[in-house]
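Okay, so here's the structure we're looking at.
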Amino acid sequence: MAVRKEGRSAQDIIVDWVEPGSSVLELGCGSGDLLARLASERGVRAHGIELDDASVFSCIEKGLNVLHEEVDDALRDYGSGAFDYTIFDGSLQRVVRRPHAVLREALRVSEKTIVGFSNFAHYRARAQILLRGRTPVTPSLPYAWHDTPNLHFLSIGDFVDYCESGGITIEKSWFSGAGREVRLRPNLTALSGYFLIADLQDAAARLTGGTPGGNLSS
């Protein structure tokens, strides 16, 4: 496995990817640790959406602007290009019931979207399914089948295929395994993947002064 630069976390990568002074909406923001860091280190205008009551209170204590709402229903009230970035840090996998529709809406309301998730195709997961015939448990998927918060199980390869088939450009990607960046065969060796993506049609419309959109929930 080829690796580079130990000690960088996924949160470090997200902070690096977000431009200073931009507007950010994190969907399923939890207790607001990432948003608070973005506000502190990058001076962003931070907004969040979260359903869990305790997490919302934690966000409020941090001085964050957070809506108490289901992620699946929240984006329809925002206009196109309302934010510079939307972020799913594990939430697309865990709290979103309709990932395709919500992801397309995220690409509508923001110029760029950051998506991070656990990789179901990691070699440990494959081995447990093949050799033991059991739902895999790995460092990035540490739950038994009966208590997992994950609603969807996808691989890095699945997400890349989805972007390629859906007119979505992958601007940046980063993969991690055991606390290190993975650069070789990430679909097999990475525990998690992070992507910075944009909608090709909307990006082209913004450059030419046209109107982005179309049927983004199809």
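Residue names in the structure tokens use chain letters A, B, ... in the order shown, residue numbers from 1 in each chain, and ligand numbers from 1 in the order shown.
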Give me, as a tab-separated table, each residue of range 101-126 of chain A that comes within 9 Å of range 80-83 of chain A, together with its shortest interatomic pair and the distance in Å at one decimal, counting only C-alpha atoms, with rows ordered by chain and rising residue number.
```
residue	atom	partner	partner_atom	distance
A:Glu105	CA	A:Ser80	CA	8.8
A:Leu107	CA	A:Gly81	CA	8.4
A:Arg108	CA	A:Ser80	CA	5.3
A:Val109	CA	A:Ser80	CA	4.3
A:Ser110	CA	A:Phe83	CA	4.6
A:Glu111	CA	A:Gly81	CA	6.0
A:Lys112	CA	A:Phe83	CA	8.5
```
With C-alpha atoms kept, could you save the residues just selected as a PDB file, in the first residue's frame?
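selection.pdb was written with the following content:
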```pdb
ATOM      1  CA  GLU A 105     -30.254  18.835  -4.624  1.00  0.00           C
ATOM      2  CA  LEU A 107     -25.279  20.046  -6.189  1.00  0.00           C
ATOM      3  CA  ARG A 108     -28.085  22.439  -7.090  1.00  0.00           C
ATOM      4  CA  VAL A 109     -27.884  24.609  -3.987  1.00  0.00           C
ATOM      5  CA  SER A 110     -24.077  24.771  -3.906  1.00  0.00           C
ATOM      6  CA  GLU A 111     -21.272  25.204  -6.387  1.00  0.00           C
ATOM      7  CA  LYS A 112     -19.326  22.287  -4.908  1.00  0.00           C
TER       8      LYS A 112
END
```
Taking the chain letters and numbering used in this document, name the residues of range 5-70 of chain A that DSSP puts in strand (DSSP E), as a compact mmCIF listing (two decimals) with C-alpha atoms, in the first residue's frame.
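Saved the output as out_5.txt:
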```
# COMPACT_ATOMS: atom_id res chain seq x y z
CA SER A 23 -20.56 29.88 2.66
CA VAL A 24 -20.95 26.28 3.85
CA LEU A 25 -23.94 24.08 4.59
CA GLU A 26 -23.19 20.79 6.36
CA LEU A 27 -25.96 18.22 6.10
CA ARG A 45 -20.36 31.48 6.98
CA ALA A 46 -21.34 28.19 8.57
CA HIS A 47 -24.80 26.64 8.45
CA GLY A 48 -25.91 23.16 9.45
CA ILE A 49 -28.85 20.79 9.31
CA GLU A 50 -29.27 18.19 12.04
CA ASN A 65 -26.58 28.48 12.82
CA VAL A 66 -28.28 25.07 12.65
CA LEU A 67 -31.74 23.99 11.52
CA HIS A 68 -33.49 21.14 13.31
```
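Counting only C-alpha atoms and comparing A:Glu164, A:Cys59, A:Ala190, A:Ile14, the residue that lies closest to Val115 in chain A is A:Ile14.
With only C-alpha atoms as the atoms that count, the residue of A:Asp77, A:Asp52, A:Asp84, A:Glu70 with the shortest distance to Arg98 in chain A is A:Glu70.
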Shell around Ser192 in chain A at 12 Å using only C-alpha atoms, local window under 5 positions removed, as a ChimeraX atom specification: /A:9-10,89-90,93,115-122,138-141,153-157,159,173-182,186-187
As a short mmCIF file (atom, residue, chain, number, x, y, z; two decimals) with N, CA and C atoms, in the first residue's frame, please: all residues of range 4-209 of chain A that backbone DSSP puts in alpha helix (DSSP H).
```
data_model
loop_
_atom_site.label_atom_id
_atom_site.label_comp_id
_atom_site.auth_asym_id
_atom_site.auth_seq_id
_atom_site.Cartn_x
_atom_site.Cartn_y
_atom_site.Cartn_z
N ALA A 10 -9.45 13.22 8.06
CA ALA A 10 -10.42 13.62 7.04
C ALA A 10 -10.87 15.06 7.27
N GLN A 11 -11.02 15.43 8.53
CA GLN A 11 -11.44 16.80 8.82
C GLN A 11 -10.39 17.81 8.35
N ASP A 12 -9.11 17.46 8.49
CA ASP A 12 -8.04 18.33 7.99
C ASP A 12 -8.19 18.55 6.48
N ILE A 13 -8.51 17.47 5.77
CA ILE A 13 -8.66 17.55 4.32
C ILE A 13 -9.82 18.45 3.94
N ILE A 14 -10.94 18.29 4.61
CA ILE A 14 -12.11 19.13 4.32
C ILE A 14 -11.78 20.60 4.56
N VAL A 15 -11.13 20.89 5.67
CA VAL A 15 -10.76 22.27 5.98
C VAL A 15 -9.86 22.83 4.88
N ASP A 16 -8.93 22.03 4.39
CA ASP A 16 -8.04 22.49 3.32
C ASP A 16 -8.81 22.76 2.03
N TRP A 17 -9.82 21.94 1.74
CA TRP A 17 -10.55 22.07 0.48
C TRP A 17 -11.48 23.28 0.44
N ASP A 33 -18.65 20.01 15.25
CA ASP A 33 -17.20 20.18 15.38
C ASP A 33 -16.55 20.65 14.09
N LEU A 34 -16.94 20.06 12.96
CA LEU A 34 -16.35 20.46 11.69
C LEU A 34 -16.74 21.89 11.33
N LEU A 35 -18.03 22.23 11.49
CA LEU A 35 -18.46 23.59 11.17
C LEU A 35 -17.77 24.62 12.04
N ALA A 36 -17.61 24.31 13.32
CA ALA A 36 -16.94 25.24 14.22
C ALA A 36 -15.49 25.45 13.79
N ARG A 37 -14.85 24.38 13.37
CA ARG A 37 -13.47 24.51 12.92
C ARG A 37 -13.38 25.31 11.63
N LEU A 38 -14.30 25.08 10.71
CA LEU A 38 -14.32 25.84 9.47
C LEU A 38 -14.55 27.33 9.73
N ALA A 39 -15.44 27.62 10.67
CA ALA A 39 -15.70 29.02 11.01
C ALA A 39 -14.47 29.67 11.64
N SER A 40 -13.79 28.91 12.49
CA SER A 40 -12.63 29.45 13.21
C SER A 40 -11.41 29.59 12.31
N GLU A 41 -11.12 28.55 11.52
CA GLU A 41 -9.88 28.53 10.75
C GLU A 41 -10.00 29.11 9.35
N ARG A 42 -11.22 29.04 8.76
CA ARG A 42 -11.37 29.50 7.39
C ARG A 42 -12.32 30.69 7.26
N ASP A 53 -31.64 16.05 18.66
CA ASP A 53 -31.82 17.18 19.57
C ASP A 53 -30.55 17.55 20.32
N ALA A 54 -29.88 16.55 20.90
CA ALA A 54 -28.68 16.82 21.67
C ALA A 54 -27.59 17.45 20.81
N SER A 55 -27.48 16.97 19.58
CA SER A 55 -26.47 17.53 18.67
C SER A 55 -26.81 18.97 18.30
N VAL A 56 -28.08 19.26 18.09
CA VAL A 56 -28.48 20.64 17.78
C VAL A 56 -28.12 21.57 18.93
N PHE A 57 -28.39 21.15 20.16
CA PHE A 57 -28.05 21.98 21.32
C PHE A 57 -26.55 22.21 21.40
N SER A 58 -25.77 21.18 21.07
CA SER A 58 -24.32 21.32 21.07
C SER A 58 -23.87 22.34 20.04
N CYS A 59 -24.50 22.32 18.87
CA CYS A 59 -24.19 23.30 17.84
C CYS A 59 -24.52 24.72 18.29
N ILE A 60 -25.66 24.87 18.92
CA ILE A 60 -26.08 26.19 19.40
C ILE A 60 -25.10 26.72 20.43
N GLU A 61 -24.62 25.83 21.30
CA GLU A 61 -23.63 26.23 22.30
C GLU A 61 -22.33 26.70 21.66
N VAL A 71 -32.64 15.84 6.86
CA VAL A 71 -31.80 16.22 5.73
C VAL A 71 -32.53 16.00 4.41
N ASP A 72 -33.29 14.93 4.29
CA ASP A 72 -33.98 14.62 3.03
C ASP A 72 -34.93 15.72 2.58
N ASP A 73 -35.48 16.46 3.52
CA ASP A 73 -36.49 17.47 3.18
C ASP A 73 -35.97 18.90 3.24
N ALA A 74 -34.73 19.09 3.65
CA ALA A 74 -34.28 20.43 3.99
C ALA A 74 -33.88 21.28 2.79
N SER A 91 -22.70 11.54 6.46
CA SER A 91 -24.16 11.62 6.60
C SER A 91 -24.91 11.08 5.39
N LEU A 92 -24.30 11.13 4.19
CA LEU A 92 -24.98 10.57 3.02
C LEU A 92 -25.22 9.08 3.22
N GLN A 93 -24.31 8.45 3.92
CA GLN A 93 -24.38 7.02 4.17
C GLN A 93 -25.29 6.69 5.36
N ARG A 94 -25.38 7.61 6.31
CA ARG A 94 -26.00 7.27 7.59
C ARG A 94 -27.38 7.85 7.83
N PRO A 99 -30.47 9.05 -1.16
CA PRO A 99 -29.18 9.68 -1.46
C PRO A 99 -29.08 10.30 -2.84
N HIS A 100 -29.67 9.68 -3.86
CA HIS A 100 -29.57 10.25 -5.20
C HIS A 100 -30.26 11.60 -5.27
N ALA A 101 -31.49 11.67 -4.80
CA ALA A 101 -32.25 12.92 -4.86
C ALA A 101 -31.59 14.01 -4.01
N VAL A 102 -31.13 13.64 -2.83
CA VAL A 102 -30.53 14.64 -1.93
C VAL A 102 -29.19 15.12 -2.47
N LEU A 103 -28.41 14.22 -3.04
CA LEU A 103 -27.13 14.62 -3.59
C LEU A 103 -27.31 15.56 -4.78
N ARG A 104 -28.29 15.28 -5.63
CA ARG A 104 -28.55 16.18 -6.74
C ARG A 104 -29.02 17.55 -6.26
N GLU A 105 -29.83 17.56 -5.20
CA GLU A 105 -30.25 18.84 -4.62
C GLU A 105 -29.07 19.59 -4.02
N ALA A 106 -28.16 18.87 -3.38
CA ALA A 106 -26.96 19.51 -2.83
C ALA A 106 -26.13 20.16 -3.93
N LEU A 107 -26.01 19.48 -5.06
CA LEU A 107 -25.28 20.05 -6.19
C LEU A 107 -26.02 21.24 -6.80
N ARG A 108 -27.32 21.28 -6.61
CA ARG A 108 -28.08 22.44 -7.09
C ARG A 108 -27.88 23.66 -6.21
N VAL A 109 -27.91 23.46 -4.90
CA VAL A 109 -27.88 24.61 -3.99
C VAL A 109 -26.46 25.09 -3.69
N TYR A 123 -10.59 -4.47 1.64
CA TYR A 123 -10.26 -5.90 1.56
C TYR A 123 -10.69 -6.68 2.80
N ARG A 124 -10.73 -6.03 3.96
CA ARG A 124 -11.19 -6.73 5.16
C ARG A 124 -12.67 -7.06 5.06
N ALA A 125 -13.44 -6.11 4.54
CA ALA A 125 -14.87 -6.35 4.35
C ALA A 125 -15.10 -7.47 3.35
N ARG A 126 -14.34 -7.46 2.26
CA ARG A 126 -14.48 -8.51 1.26
C ARG A 126 -14.15 -9.88 1.85
N ALA A 127 -13.08 -9.93 2.64
CA ALA A 127 -12.66 -11.20 3.21
C ALA A 127 -13.70 -11.76 4.18
N ILE A 156 -15.93 2.93 -2.87
CA ILE A 156 -15.31 4.03 -3.61
C ILE A 156 -15.58 3.87 -5.10
N GLY A 157 -15.50 2.63 -5.58
CA GLY A 157 -15.79 2.37 -6.98
C GLY A 157 -17.22 2.70 -7.34
N ASP A 158 -18.17 2.39 -6.45
CA ASP A 158 -19.57 2.73 -6.68
C ASP A 158 -19.74 4.23 -6.87
N PHE A 159 -19.10 5.00 -6.01
CA PHE A 159 -19.29 6.44 -6.05
C PHE A 159 -18.65 7.04 -7.30
N VAL A 160 -17.49 6.56 -7.67
CA VAL A 160 -16.84 7.04 -8.89
C VAL A 160 -17.72 6.73 -10.11
N ASP A 161 -18.26 5.52 -10.17
CA ASP A 161 -19.16 5.16 -11.27
C ASP A 161 -20.39 6.05 -11.29
N TYR A 162 -20.93 6.33 -10.12
CA TYR A 162 -22.11 7.19 -10.03
C TYR A 162 -21.82 8.57 -10.59
N CYS A 163 -20.67 9.14 -10.23
CA CYS A 163 -20.31 10.46 -10.73
C CYS A 163 -20.11 10.44 -12.24
N GLU A 164 -19.42 9.44 -12.74
CA GLU A 164 -19.14 9.36 -14.17
C GLU A 164 -20.42 9.21 -14.98
N SER A 165 -21.37 8.45 -14.47
CA SER A 165 -22.62 8.23 -15.20
C SER A 165 -23.61 9.37 -15.04
N PRO A 186 -7.37 2.44 -4.09
CA PRO A 186 -8.16 2.82 -2.91
C PRO A 186 -9.43 2.02 -2.73
N ASN A 187 -10.04 1.55 -3.81
CA ASN A 187 -11.28 0.78 -3.64
C ASN A 187 -11.04 -0.51 -2.87
N LEU A 188 -9.81 -1.01 -2.93
CA LEU A 188 -9.45 -2.23 -2.22
C LEU A 188 -8.81 -1.95 -0.87
N THR A 189 -8.00 -0.89 -0.77
CA THR A 189 -7.16 -0.70 0.40
C THR A 189 -7.56 0.45 1.32
N LEU A 200 -21.38 19.20 -13.65
CA LEU A 200 -20.81 19.74 -14.88
C LEU A 200 -21.74 20.73 -15.56
N GLN A 201 -23.02 20.41 -15.65
CA GLN A 201 -23.98 21.29 -16.33
C GLN A 201 -24.11 22.62 -15.60
N ASP A 202 -24.21 22.56 -14.27
CA ASP A 202 -24.37 23.80 -13.50
C ASP A 202 -23.11 24.64 -13.55
N ALA A 203 -21.94 23.99 -13.50
CA ALA A 203 -20.69 24.73 -13.57
C ALA A 203 -20.57 25.45 -14.91
N ALA A 204 -20.94 24.78 -15.98
CA ALA A 204 -20.89 25.40 -17.30
C ALA A 204 -21.85 26.58 -17.39
N ALA A 205 -23.05 26.42 -16.80
CA ALA A 205 -24.04 27.50 -16.84
C ALA A 205 -23.56 28.72 -16.07
N ARG A 206 -22.87 28.49 -14.95
CA ARG A 206 -22.36 29.62 -14.17
C ARG A 206 -21.28 30.36 -14.94
N LEU A 207 -20.44 29.63 -15.67
CA LEU A 207 -19.36 30.26 -16.43
C LEU A 207 -19.90 31.09 -17.57
N THR A 208 -21.00 30.63 -18.18
CA THR A 208 -21.55 31.32 -19.34
C THR A 208 -22.65 32.30 -19.00
#
```
Just the number, please: distance in Å from CA of Val18 in chain A to CA of Tyr85 in chain A, one decimal.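 Between CA of Val18 in chain A and CA of Tyr85 in chain A the gap is 7.5 Å.
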Length of the CA of Gly28 in chain A to CA of Ile87 in chain A vector [Å]: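 Taking CA of Gly28 in chain A and CA of Ile87 in chain A, their separation equals 8.6 Å.
Ranking A:Val44, A:Leu184, A:Phe88, A:Tyr78 by their shortest atom-to-atom distance to Ser22 in chain A, with only C-alpha atoms included, puts A:Val44 first.
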